[in-house]
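Below you'll find the structure, written out as structure tokens, and then a few comments.
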Amino acid sequence: MTSHLVLGAGPVGTALALRLARAGRSVGVVTRSGGGPEHPRVERIALDATDATALAAAARGADVLYNCANPGSYQAWERGWPPLAGAVLHAAEVSGAVLVTLSNLYGYGPVDGPMTRGLPLAASDHKGRLRARLWQEALVAHRAGRVRATEARASDYIGPTVPTSHGLLPMYAAATLAGRPASVMADPDQPHTWTAVDDVAATLVALGADDRAWGSPWLVPSNPPATVREVLRELGARAGTGEPRLRRVPRAVLRAGGLVVPLLREALGVLYQYDRPFVADAAETTGVFGVRPTPWDDVLDATATAWRARAVA
């Protein structure tokens, strides 16, 4: 019997499953394909997580259900997230497992000053409004006593396992670490919080194990903010590729492109995160649960090695 059920085997789902398994837990990893990390304590389960009945059966007996799944690209969110979240909420209610959802900071929208967990949700983009709505639905179920729910909110990921398709930073790094100029979509000199994948996994474990977390969202502890240019410079110094060469694409060009490229149109809705400081303050998470971010130099060392190898492969 699995005591922890993880939905999704992306960077976070994989890191979480391995962290739990190495701590002696029995872990099930649910994906459509039945993929996931290889470990004696990890059972890989082929399942459509939007099938509420099948997911509830897989969650039977689990102590914690972690939703680290993602319906796909931005364009798929409105269609894919509601049935997925609904099935997960049903599975948590039927099984009695604590529901720990991995989320992001989109729900806060543009803010002045650092984001904290209690900041009102005021998303300016439909993707942020969607994530806010899904959390409110889980919170209603929690307050009604149907489930025990919590949510971890992370900023943009950094780490050796983050694919090029998972955000602007790895996309820019794919160019700069190959010695090419990178075309950037927004101001590369605004402070930005970056969240290490392993720190997301550590936070998810802590939230699932501590009833003080339930009924509330929590921000994932991250290192002090750094600009896009500063991070690329640090990665380049470690990889031996030198100073990054960045070319900012005019916003008018991006808007014109968004008329014909759906993904670009969706990206425009969240570029506010790079046009001004985008800083998360997770001191409360650290204070309550003791989760601290991985030292920044360690994150950069591991990331530079992996991303440089990928850039020149």
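All residue names refer to the structure tokens as shown: chains lettered A, B, ... in order, residues numbered from 1 in each chain, ligands numbered from 1 in order.
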*Which neighbours of Gly13 of chain A fall inside 7 Å, counting only C-alpha atoms, when residues of the same chain fewer than 6 positions from it are skipped, and could you give them as a ChimeraX atom specification?*
/A:6-7,68
*Considering only C-alpha atoms, return as a ChimeraX atom specification whatever protein or nucleic-acid residues lie within 10 Å of Val249 of chain A, sequence-local ones (same chain, fewer than 6 positions apart) excluded.*
/A:182-187
Could you write out that same residue set with N, CA, C and O atoms as a short mmCIF file (atom, residue, chain, number, x, y, z; two decimals), in the first residue's frame?
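Contents of out-v3.cif, freshly written:
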data_model
loop_
_atom_site.label_atom_id
_atom_site.label_comp_id
_atom_site.auth_asym_id
_atom_site.auth_seq_id
_atom_site.Cartn_x
_atom_site.Cartn_y
_atom_site.Cartn_z
N ALA A 182 20.64 36.00 -26.32
CA ALA A 182 19.28 35.58 -25.97
C ALA A 182 18.33 36.75 -26.18
O ALA A 182 18.62 37.88 -25.78
N SER A 183 17.20 36.48 -26.81
CA SER A 183 16.16 37.49 -26.98
C SER A 183 15.23 37.42 -25.77
O SER A 183 14.55 36.40 -25.56
N VAL A 184 15.21 38.47 -24.97
CA VAL A 184 14.42 38.46 -23.75
C VAL A 184 13.14 39.25 -23.93
O VAL A 184 13.10 40.25 -24.66
N MET A 185 12.08 38.81 -23.28
CA MET A 185 10.75 39.38 -23.49
C MET A 185 10.42 40.53 -22.56
O MET A 185 9.39 41.18 -22.75
N ALA A 186 11.23 40.74 -21.54
CA ALA A 186 10.92 41.79 -20.56
C ALA A 186 12.22 42.31 -19.98
O ALA A 186 13.31 41.92 -20.41
N ASP A 187 12.11 43.17 -18.98
CA ASP A 187 13.27 43.80 -18.37
C ASP A 187 14.13 42.76 -17.65
O ASP A 187 13.68 42.13 -16.70
#
Determine, using only C-alpha atoms, which residues of segment 102-141 of chain A have any atom at most 10 Å from an atom of segment 202-221 of chain A, and tabulate each with its shortest atom pair and distance in Å to one decimal place, rows ordered by chain and then rising number, as a Markdown table.
| residue | atom | partner | partner_atom | distance |
| --- | --- | --- | --- | --- |
| A:Leu102 | CA | A:Leu204 | CA | 7.6 |
| A:Ser103 | CA | A:Pro217 | CA | 9.2 |
| A:Asn104 | CA | A:Leu219 | CA | 8.6 |
| A:Leu105 | CA | A:Leu219 | CA | 8.5 |
| A:Met115 | CA | A:Leu219 | CA | 8.8 |
| A:Thr116 | CA | A:Leu219 | CA | 7.1 |
| A:Arg117 | CA | A:Trp218 | CA | 5.6 |
| A:Gly118 | CA | A:Pro217 | CA | 8.1 |
| A:Trp135 | CA | A:Pro217 | CA | 8.5 |
| A:Ala138 | CA | A:Gly215 | CA | 8.7 |
| A:Leu139 | CA | A:Gly215 | CA | 6.3 |
| A:Val140 | CA | A:Gly215 | CA | 9.3 |
| A:Ala141 | CA | A:Gly215 | CA | 9.5 |
Writer output for current selection, C-alpha atoms, as a short mmCIF file (atom, residue, chain, number, x, y, z; two decimals), in the first residue's frame:
data_model
loop_
_atom_site.label_atom_id
_atom_site.label_comp_id
_atom_site.auth_asym_id
_atom_site.auth_seq_id
_atom_site.Cartn_x
_atom_site.Cartn_y
_atom_site.Cartn_z
CA LEU A 102 1.61 22.59 -5.86
CA SER A 103 0.78 26.05 -7.17
CA ASN A 104 2.45 29.29 -8.14
CA LEU A 105 2.30 33.03 -7.47
CA MET A 115 4.40 38.72 -1.77
CA THR A 116 3.39 36.94 1.43
CA ARG A 117 0.98 34.06 1.85
CA GLY A 118 -1.79 36.26 3.26
CA TRP A 135 -7.62 27.12 -4.32
CA ALA A 138 -10.33 23.42 -2.08
CA LEU A 139 -10.56 25.84 0.82
CA VAL A 140 -14.37 25.64 0.84
CA ALA A 141 -14.12 21.84 1.00
#
*Which residues, written as a list in words, have at least one atom at most 8 Å from Leu5 of chain A, with only C-alpha atoms counted and residues fewer than 5 positions away on the same chain left out?*
Val27, Gly28, Val29, Val30, Ala59, Ala62, Val64, Leu65 and Tyr66 of chain A
For the residues in the current selection, export C-alpha atoms as a tab-separated table (two decimals), in the first residue's frame.
chain	number	residue	atom	x	y	z
A	27	VAL	CA	5.24	6.18	-2.78
A	28	GLY	CA	2.94	5.89	-5.75
A	29	VAL	CA	3.55	8.14	-8.76
A	30	VAL	CA	0.61	8.67	-11.11
A	59	ALA	CA	-5.48	7.01	-3.31
A	62	ALA	CA	-2.77	7.00	1.31
A	64	VAL	CA	-1.05	12.31	1.70
A	65	LEU	CA	-2.04	13.11	-1.88
A	66	TYR	CA	0.27	15.58	-3.63
*May I have all residues of segment 57-186 of chain A that DSSP, computed from the backbone, assigns to helix (DSSP H, G or I), given as an MDAnalysis selection string?*
chainID A and resid 57:59 74:95 106:108 126:143 168:176
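Proximity to segment 168-170 of chain A at 9 Å, evaluated using only C-alpha atoms and with sequence-adjacent residues fewer than 2 positions away removed, yields Asp156, Tyr157, Ile158, Val162, Pro163, Thr164, Ser165, His166, Tyr172, Ala173, Ala174, Ala175, Val184, Met185, Val228, Val231, Leu232 and Trp307 of chain A.
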Expected file: the selected residues, N, CA and C atoms, as a CSV table (one decimal), in the first residue's frame:
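selection.csv written:
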chain,number,residue,atom,x,y,z
A,156,ASP,N,9.2,31.0,-10.1
A,156,ASP,CA,9.8,30.3,-11.2
A,156,ASP,C,10.9,29.3,-10.8
A,157,TYR,N,10.9,28.1,-11.4
A,157,TYR,CA,11.9,27.1,-11.0
A,157,TYR,C,13.3,27.3,-11.5
A,158,ILE,N,14.2,26.9,-10.7
A,158,ILE,CA,15.6,26.8,-11.1
A,158,ILE,C,16.2,25.5,-10.5
A,162,VAL,N,15.2,21.2,-14.5
A,162,VAL,CA,14.2,22.1,-15.1
A,162,VAL,C,14.4,22.1,-16.6
A,163,PRO,N,13.4,21.7,-17.4
A,163,PRO,CA,13.6,21.6,-18.8
A,163,PRO,C,13.6,23.0,-19.4
A,164,THR,N,14.0,23.2,-20.6
A,164,THR,CA,14.1,24.5,-21.3
A,164,THR,C,12.7,25.0,-21.5
A,165,SER,N,11.7,24.2,-21.6
A,165,SER,CA,10.3,24.6,-21.8
A,165,SER,C,9.6,25.1,-20.6
A,166,HIS,N,10.3,25.0,-19.4
A,166,HIS,CA,9.6,25.3,-18.1
A,166,HIS,C,10.0,26.7,-17.7
A,172,TYR,N,16.2,31.3,-21.9
A,172,TYR,CA,17.3,32.3,-22.1
A,172,TYR,C,18.7,31.6,-21.9
A,173,ALA,N,18.8,30.8,-20.9
A,173,ALA,CA,20.0,30.1,-20.6
A,173,ALA,C,20.4,29.1,-21.7
A,174,ALA,N,19.4,28.5,-22.3
A,174,ALA,CA,19.8,27.6,-23.4
A,174,ALA,C,20.6,28.3,-24.5
A,175,ALA,N,20.3,29.6,-24.7
A,175,ALA,CA,21.1,30.4,-25.7
A,175,ALA,C,22.4,30.9,-25.1
A,184,VAL,N,15.2,38.5,-25.0
A,184,VAL,CA,14.4,38.5,-23.7
A,184,VAL,C,13.1,39.3,-23.9
A,185,MET,N,12.1,38.8,-23.3
A,185,MET,CA,10.8,39.4,-23.5
A,185,MET,C,10.4,40.5,-22.6
A,228,VAL,N,17.3,38.5,-13.9
A,228,VAL,CA,17.6,37.6,-15.0
A,228,VAL,C,19.1,37.7,-15.4
A,231,VAL,N,21.5,36.2,-12.8
A,231,VAL,CA,21.5,34.7,-12.8
A,231,VAL,C,22.2,34.1,-14.0
A,232,LEU,N,21.9,34.7,-15.2
A,232,LEU,CA,22.6,34.2,-16.4
A,232,LEU,C,24.1,34.5,-16.3
A,307,TRP,N,22.6,22.6,-17.3
A,307,TRP,CA,22.1,23.4,-18.4
A,307,TRP,C,23.2,23.6,-19.4
*Please identify all polymer residues within 12 Å of Asp297 of chain A, counting only C-alpha atoms, omitting same-chain residues fewer than 3 positions from it, and present them as an NGL selection string.*
:A and (159 or 196 or 223-224 or 231 or 234-235 or 237-238 or 293-294 or 300-304)
Print the selection's residues with N, CA and C atoms to a file, as a PDB file, in the first residue's frame.
ATOM      1  N   GLY A 159      17.045  24.887 -11.262  1.00  0.00           N
ATOM      2  CA  GLY A 159      17.626  23.627 -10.836  1.00  0.00           C
ATOM      3  C   GLY A 159      18.026  22.792 -12.032  1.00  0.00           C
ATOM      4  N   ALA A 196      14.208  26.869  -6.040  1.00  0.00           N
ATOM      5  CA  ALA A 196      14.881  25.616  -6.373  1.00  0.00           C
ATOM      6  C   ALA A 196      13.907  24.445  -6.276  1.00  0.00           C
ATOM      7  N   ASN A 223      15.799  31.647  -2.187  1.00  0.00           N
ATOM      8  CA  ASN A 223      16.928  32.535  -1.937  1.00  0.00           C
ATOM      9  C   ASN A 223      16.550  33.987  -2.238  1.00  0.00           C
ATOM     10  N   PRO A 224      17.356  34.951  -1.773  1.00  0.00           N
ATOM     11  CA  PRO A 224      17.081  36.357  -2.083  1.00  0.00           C
ATOM     12  C   PRO A 224      16.960  36.563  -3.594  1.00  0.00           C
ATOM     13  N   VAL A 231      21.476  36.152 -12.810  1.00  0.00           N
ATOM     14  CA  VAL A 231      21.480  34.686 -12.791  1.00  0.00           C
ATOM     15  C   VAL A 231      22.219  34.138 -14.004  1.00  0.00           C
ATOM     16  N   GLU A 234      25.897  34.558 -13.509  1.00  0.00           N
ATOM     17  CA  GLU A 234      26.449  33.571 -12.569  1.00  0.00           C
ATOM     18  C   GLU A 234      26.559  32.193 -13.225  1.00  0.00           C
ATOM     19  N   LEU A 235      25.547  31.809 -13.973  1.00  0.00           N
ATOM     20  CA  LEU A 235      25.597  30.521 -14.657  1.00  0.00           C
ATOM     21  C   LEU A 235      26.707  30.511 -15.698  1.00  0.00           C
ATOM     22  N   ALA A 237      29.453  32.285 -15.702  1.00  0.00           N
ATOM     23  CA  ALA A 237      30.767  32.255 -15.054  1.00  0.00           C
ATOM     24  C   ALA A 237      31.144  30.830 -14.673  1.00  0.00           C
ATOM     25  N   ARG A 238      30.170  30.072 -14.205  1.00  0.00           N
ATOM     26  CA  ARG A 238      30.437  28.684 -13.817  1.00  0.00           C
ATOM     27  C   ARG A 238      30.645  27.779 -15.022  1.00  0.00           C
ATOM     28  N   PRO A 293      15.871  27.527   2.199  1.00  0.00           N
ATOM     29  CA  PRO A 293      16.295  27.315   0.810  1.00  0.00           C
ATOM     30  C   PRO A 293      17.688  26.716   0.727  1.00  0.00           C
ATOM     31  N   THR A 294      17.911  25.923  -0.301  1.00  0.00           N
ATOM     32  CA  THR A 294      19.237  25.397  -0.603  1.00  0.00           C
ATOM     33  C   THR A 294      20.193  26.559  -0.844  1.00  0.00           C
ATOM     34  N   LEU A 300      23.265  27.156  -8.083  1.00  0.00           N
ATOM     35  CA  LEU A 300      23.881  27.620  -9.324  1.00  0.00           C
ATOM     36  C   LEU A 300      24.900  26.619  -9.850  1.00  0.00           C
ATOM     37  N   ASP A 301      25.693  26.039  -8.966  1.00  0.00           N
ATOM     38  CA  ASP A 301      26.703  25.065  -9.400  1.00  0.00           C
ATOM     39  C   ASP A 301      26.055  23.898 -10.128  1.00  0.00           C
ATOM     40  N   ALA A 302      25.027  23.317  -9.509  1.00  0.00           N
ATOM     41  CA  ALA A 302      24.370  22.159 -10.108  1.00  0.00           C
ATOM     42  C   ALA A 302      23.640  22.530 -11.386  1.00  0.00           C
ATOM     43  N   THR A 303      22.986  23.695 -11.381  1.00  0.00           N
ATOM     44  CA  THR A 303      22.215  24.117 -12.544  1.00  0.00           C
ATOM     45  C   THR A 303      23.123  24.430 -13.723  1.00  0.00           C
ATOM     46  N   ALA A 304      24.211  25.133 -13.482  1.00  0.00           N
ATOM     47  CA  ALA A 304      25.112  25.501 -14.572  1.00  0.00           C
ATOM     48  C   ALA A 304      25.667  24.266 -15.270  1.00  0.00           C
TER      49      ALA A 304
END
*Looking only at strand (DSSP E) from DSSP on the backbone, list the matching residues of segment 54-303 of chain A as a VMD selection string.*
chain A and resid 64 to 67 98 to 104 149 to 154 156 to 158 182 to 184 194 to 196 217 to 219 246 to 248
Kindly save the residues from that selection, with N, CA, C and O atoms included, as a CSV table (one decimal), in the first residue's frame.
chain,number,residue,atom,x,y,z
A,64,VAL,N,-1.1,11.0,2.3
A,64,VAL,CA,-1.1,12.3,1.7
A,64,VAL,C,-1.2,12.1,0.2
A,64,VAL,O,-0.6,11.2,-0.4
A,65,LEU,N,-1.9,13.1,-0.4
A,65,LEU,CA,-2.0,13.1,-1.9
A,65,LEU,C,-1.5,14.4,-2.3
A,65,LEU,O,-1.9,15.5,-1.9
A,66,TYR,N,-0.4,14.4,-3.1
A,66,TYR,CA,0.3,15.6,-3.6
A,66,TYR,C,-0.1,15.8,-5.1
A,66,TYR,O,0.2,14.9,-5.9
A,67,ASN,N,-0.7,16.9,-5.4
A,67,ASN,CA,-1.0,17.2,-6.8
A,67,ASN,C,0.1,18.1,-7.4
A,67,ASN,O,0.2,19.3,-7.2
A,98,VAL,N,-4.6,13.7,3.2
A,98,VAL,CA,-4.3,15.2,3.2
A,98,VAL,C,-4.0,15.6,1.7
A,98,VAL,O,-3.2,14.9,1.0
A,99,LEU,N,-4.6,16.7,1.3
A,99,LEU,CA,-4.4,17.1,-0.1
A,99,LEU,C,-3.4,18.3,-0.1
A,99,LEU,O,-3.6,19.3,0.6
A,100,VAL,N,-2.2,18.1,-0.7
A,100,VAL,CA,-1.2,19.1,-0.8
A,100,VAL,C,-1.1,19.5,-2.3
A,100,VAL,O,-0.6,18.6,-3.1
A,101,THR,N,-1.4,20.7,-2.7
A,101,THR,CA,-1.4,21.1,-4.1
A,101,THR,C,-0.2,22.0,-4.3
A,101,THR,O,0.1,22.9,-3.6
A,102,LEU,N,0.5,21.7,-5.4
A,102,LEU,CA,1.6,22.6,-5.9
A,102,LEU,C,1.0,23.7,-6.7
A,102,LEU,O,0.3,23.4,-7.7
A,103,SER,N,1.3,24.9,-6.4
A,103,SER,CA,0.8,26.1,-7.2
A,103,SER,C,1.9,27.1,-7.4
A,103,SER,O,3.1,26.8,-7.1
A,104,ASN,N,1.5,28.3,-7.8
A,104,ASN,CA,2.5,29.3,-8.1
A,104,ASN,C,2.0,30.6,-7.6
A,104,ASN,O,1.0,30.7,-6.8
A,149,ALA,N,-6.8,20.3,3.4
A,149,ALA,CA,-6.1,20.8,2.2
A,149,ALA,C,-5.1,21.9,2.5
A,149,ALA,O,-5.4,22.7,3.4
A,150,THR,N,-4.1,22.0,1.8
A,150,THR,CA,-3.1,23.0,1.9
A,150,THR,C,-2.5,23.2,0.5
A,150,THR,O,-2.7,22.4,-0.4
A,151,GLU,N,-1.7,24.3,0.3
A,151,GLU,CA,-1.2,24.6,-1.0
A,151,GLU,C,0.2,25.2,-0.9
A,151,GLU,O,0.4,26.1,0.0
A,152,ALA,N,1.2,24.8,-1.7
A,152,ALA,CA,2.5,25.4,-1.7
A,152,ALA,C,2.6,26.3,-3.0
A,152,ALA,O,2.3,25.8,-4.1
A,153,ARG,N,3.0,27.5,-2.8
A,153,ARG,CA,3.1,28.4,-3.9
A,153,ARG,C,4.6,28.8,-4.1
A,153,ARG,O,5.3,29.3,-3.3
A,154,ALA,N,5.1,28.4,-5.3
A,154,ALA,CA,6.4,28.6,-5.7
A,154,ALA,C,6.6,29.6,-6.8
A,154,ALA,O,5.6,29.9,-7.5
A,156,ASP,N,9.2,31.0,-10.1
A,156,ASP,CA,9.8,30.3,-11.2
A,156,ASP,C,10.9,29.3,-10.8
A,156,ASP,O,11.8,29.7,-10.0
A,157,TYR,N,10.9,28.1,-11.4
A,157,TYR,CA,11.9,27.1,-11.0
A,157,TYR,C,13.3,27.3,-11.5
A,157,TYR,O,13.5,27.8,-12.6
A,158,ILE,N,14.2,26.9,-10.7
A,158,ILE,CA,15.6,26.8,-11.1
A,158,ILE,C,16.2,25.5,-10.5
A,158,ILE,O,15.7,25.0,-9.5
A,182,ALA,N,20.6,36.0,-26.3
A,182,ALA,CA,19.3,35.6,-26.0
A,182,ALA,C,18.3,36.7,-26.2
A,182,ALA,O,18.6,37.9,-25.8
A,183,SER,N,17.2,36.5,-26.8
A,183,SER,CA,16.2,37.5,-27.0
A,183,SER,C,15.2,37.4,-25.8
A,183,SER,O,14.6,36.4,-25.6
A,184,VAL,N,15.2,38.5,-25.0
A,184,VAL,CA,14.4,38.5,-23.7
A,184,VAL,C,13.1,39.3,-23.9
A,184,VAL,O,13.1,40.3,-24.7
A,194,TRP,N,13.6,33.2,-7.5
A,194,TRP,CA,13.7,31.9,-8.2
A,194,TRP,C,13.7,30.8,-7.1
A,194,TRP,O,14.3,30.9,-6.1
A,195,THR,N,12.9,29.8,-7.4
A,195,THR,CA,12.7,28.7,-6.4
A,195,THR,C,13.3,27.4,-6.9
A,195,THR,O,13.0,26.9,-8.0
A,196,ALA,N,14.2,26.9,-6.0
A,196,ALA,CA,14.9,25.6,-6.4
A,196,ALA,C,13.9,24.4,-6.3
A,196,ALA,O,13.1,24.4,-5.3
A,217,PRO,N,-2.6,28.5,2.4
A,217,PRO,CA,-1.5,28.4,1.4
A,217,PRO,C,-0.2,28.8,2.1
A,217,PRO,O,-0.2,29.5,3.1
A,218,TRP,N,0.9,28.3,1.6
A,218,TRP,CA,2.3,28.7,2.1
A,218,TRP,C,3.2,28.9,1.0
A,218,TRP,O,3.2,28.1,0.0
A,219,LEU,N,4.1,29.9,1.1
A,219,LEU,CA,5.1,30.2,0.0
A,219,LEU,C,6.3,29.3,0.2
A,219,LEU,O,6.6,29.0,1.4
A,246,LEU,N,22.2,39.9,-24.1
A,246,LEU,CA,20.7,39.9,-24.0
A,246,LEU,C,20.2,41.0,-24.9
A,246,LEU,O,20.7,42.2,-24.9
A,247,ARG,N,19.2,40.7,-25.7
A,247,ARG,CA,18.5,41.6,-26.6
A,247,ARG,C,17.1,41.6,-26.3
A,247,ARG,O,16.4,40.6,-26.4
A,248,ARG,N,16.6,42.8,-25.9
A,248,ARG,CA,15.2,42.9,-25.5
A,248,ARG,C,14.3,43.0,-26.7
A,248,ARG,O,14.5,43.9,-27.5
_Report as a PyMOL selection string all protein, DNA and RNA residues lying within 6 Å of Thr50 of chain A, evaluated on only C-alpha atoms, omitting residues in the same chain fewer than 4 positions from it._
chain A and resi 83-84+87
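The residue that comes closest to Ala57 of chain A, out of A:Leu177, A:Glu230, A:Ser95, A:Tyr272 and on the basis of only C-alpha atoms, is A:Ser95.
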Dump as a tab-separated table the rows for residues of segment 20-127 of chain A within 12 Å of segment 258-264 of chain A: closest atom pair and distance in Å with one decimal, only C-alpha atoms counted, ordered by chain and rising residue number.
residue	atom	partner	partner_atom	distance
A:Gly72	CA	A:Leu263	CA	11.4
A:Ser73	CA	A:Leu263	CA	7.7
A:Tyr74	CA	A:Leu263	CA	6.7
A:Gln75	CA	A:Leu263	CA	6.7
A:Ala76	CA	A:Leu263	CA	10.1
A:Trp77	CA	A:Leu263	CA	11.7
Would you mind exporting C-alpha atoms of the selected residues as a PDB file, in the first residue's frame?
ATOM      1  CA  GLY A  72       0.155  21.140 -20.220  1.00  0.00           C
ATOM      2  CA  SER A  73       0.885  24.439 -21.915  1.00  0.00           C
ATOM      3  CA  TYR A  74      -0.811  27.680 -20.929  1.00  0.00           C
ATOM      4  CA  GLN A  75      -3.405  27.230 -23.668  1.00  0.00           C
ATOM      5  CA  ALA A  76      -4.569  23.989 -22.035  1.00  0.00           C
ATOM      6  CA  TRP A  77      -5.095  25.363 -18.537  1.00  0.00           C
TER       7      TRP A  77
END
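Remark: for Ile45 of chain A, the closest of the candidate residues A:Asn70, A:Arg180, A:Arg25, A:Gly8 is A:Gly8 (distances computed over only C-alpha atoms).
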_What's the separation between atom CA of Arg133 of chain A and atom CA of Val147 of chain A, in Å to one decimal place?_
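These two atoms are separated by 16.7 Å.
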_Just to confirm, what's the straight-line distance from atom CA of Leu271 of chain A to atom CA of Leu130 of chain A in Å (one decimal)?_
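Pair atom CA of Leu271 of chain A / atom CA of Leu130 of chain A returns 17.2 Å.
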Distance query segment 41-44 of chain A at most 10 Å, only C-alpha atoms, self and fewer than 2 positions along chain excluded, as a PDB file with C-alpha atoms, in the first residue's frame:
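What follows is the written file result.pdb:
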ATOM      1  CA  MET A   1       0.000   0.000   0.000  1.00  0.00           C
ATOM      2  CA  THR A   2       1.306   3.456  -0.883  1.00  0.00           C
ATOM      3  CA  HIS A   4       2.048   8.886  -0.281  1.00  0.00           C
ATOM      4  CA  LEU A   5       0.543   9.393  -3.730  1.00  0.00           C
ATOM      5  CA  VAL A   6       2.224  11.886  -6.083  1.00  0.00           C
ATOM      6  CA  ALA A   9       6.512  13.105 -12.680  1.00  0.00           C
ATOM      7  CA  ALA A  17       8.795  11.073  -4.876  1.00  0.00           C
ATOM      8  CA  LEU A  18      12.516  10.396  -4.469  1.00  0.00           C
ATOM      9  CA  LEU A  20       9.844  10.527   0.252  1.00  0.00           C
ATOM     10  CA  ALA A  21      11.215   7.172  -0.907  1.00  0.00           C
ATOM     11  CA  ARG A  22      14.687   7.893   0.452  1.00  0.00           C
ATOM     12  CA  ALA A  23      13.062   8.745   3.772  1.00  0.00           C
ATOM     13  CA  GLY A  24      11.554   5.252   3.870  1.00  0.00           C
ATOM     14  CA  ARG A  25       8.042   6.068   2.652  1.00  0.00           C
ATOM     15  CA  SER A  26       6.063   3.971   0.188  1.00  0.00           C
ATOM     16  CA  VAL A  27       5.242   6.178  -2.780  1.00  0.00           C
ATOM     17  CA  GLY A  28       2.939   5.890  -5.751  1.00  0.00           C
ATOM     18  CA  VAL A  29       3.551   8.144  -8.764  1.00  0.00           C
ATOM     19  CA  VAL A  30       0.610   8.672 -11.105  1.00  0.00           C
ATOM     20  CA  THR A  31       1.112   9.647 -14.742  1.00  0.00           C
ATOM     21  CA  SER A  33       2.125   6.852 -19.273  1.00  0.00           C
ATOM     22  CA  GLY A  34       3.087   5.084 -16.076  1.00  0.00           C
ATOM     23  CA  GLY A  35       6.465   6.823 -16.033  1.00  0.00           C
ATOM     24  CA  GLY A  36       8.338   8.270 -13.118  1.00  0.00           C
ATOM     25  CA  PRO A  37      11.508   7.822 -11.094  1.00  0.00           C
ATOM     26  CA  GLU A  38      12.978   4.397 -10.492  1.00  0.00           C
ATOM     27  CA  HIS A  39      13.336   3.465  -6.825  1.00  0.00           C
ATOM     28  CA  ALA A  46      -0.488   4.505 -15.307  1.00  0.00           C
ATOM     29  CA  LEU A  47      -3.686   6.464 -14.770  1.00  0.00           C
TER      30      LEU A  47
END
*By how many Å are atom CA of Ala313 of chain A and atom CA of Pro160 of chain A apart?*
14.8 Å
*Give the answer as one residue: which of A:Arg143, A:Lys127, A:Arg233, A:Arg148 has the shortest atom-to-atom distance to His90 of chain A, using only C-alpha atoms?*
A:Arg148
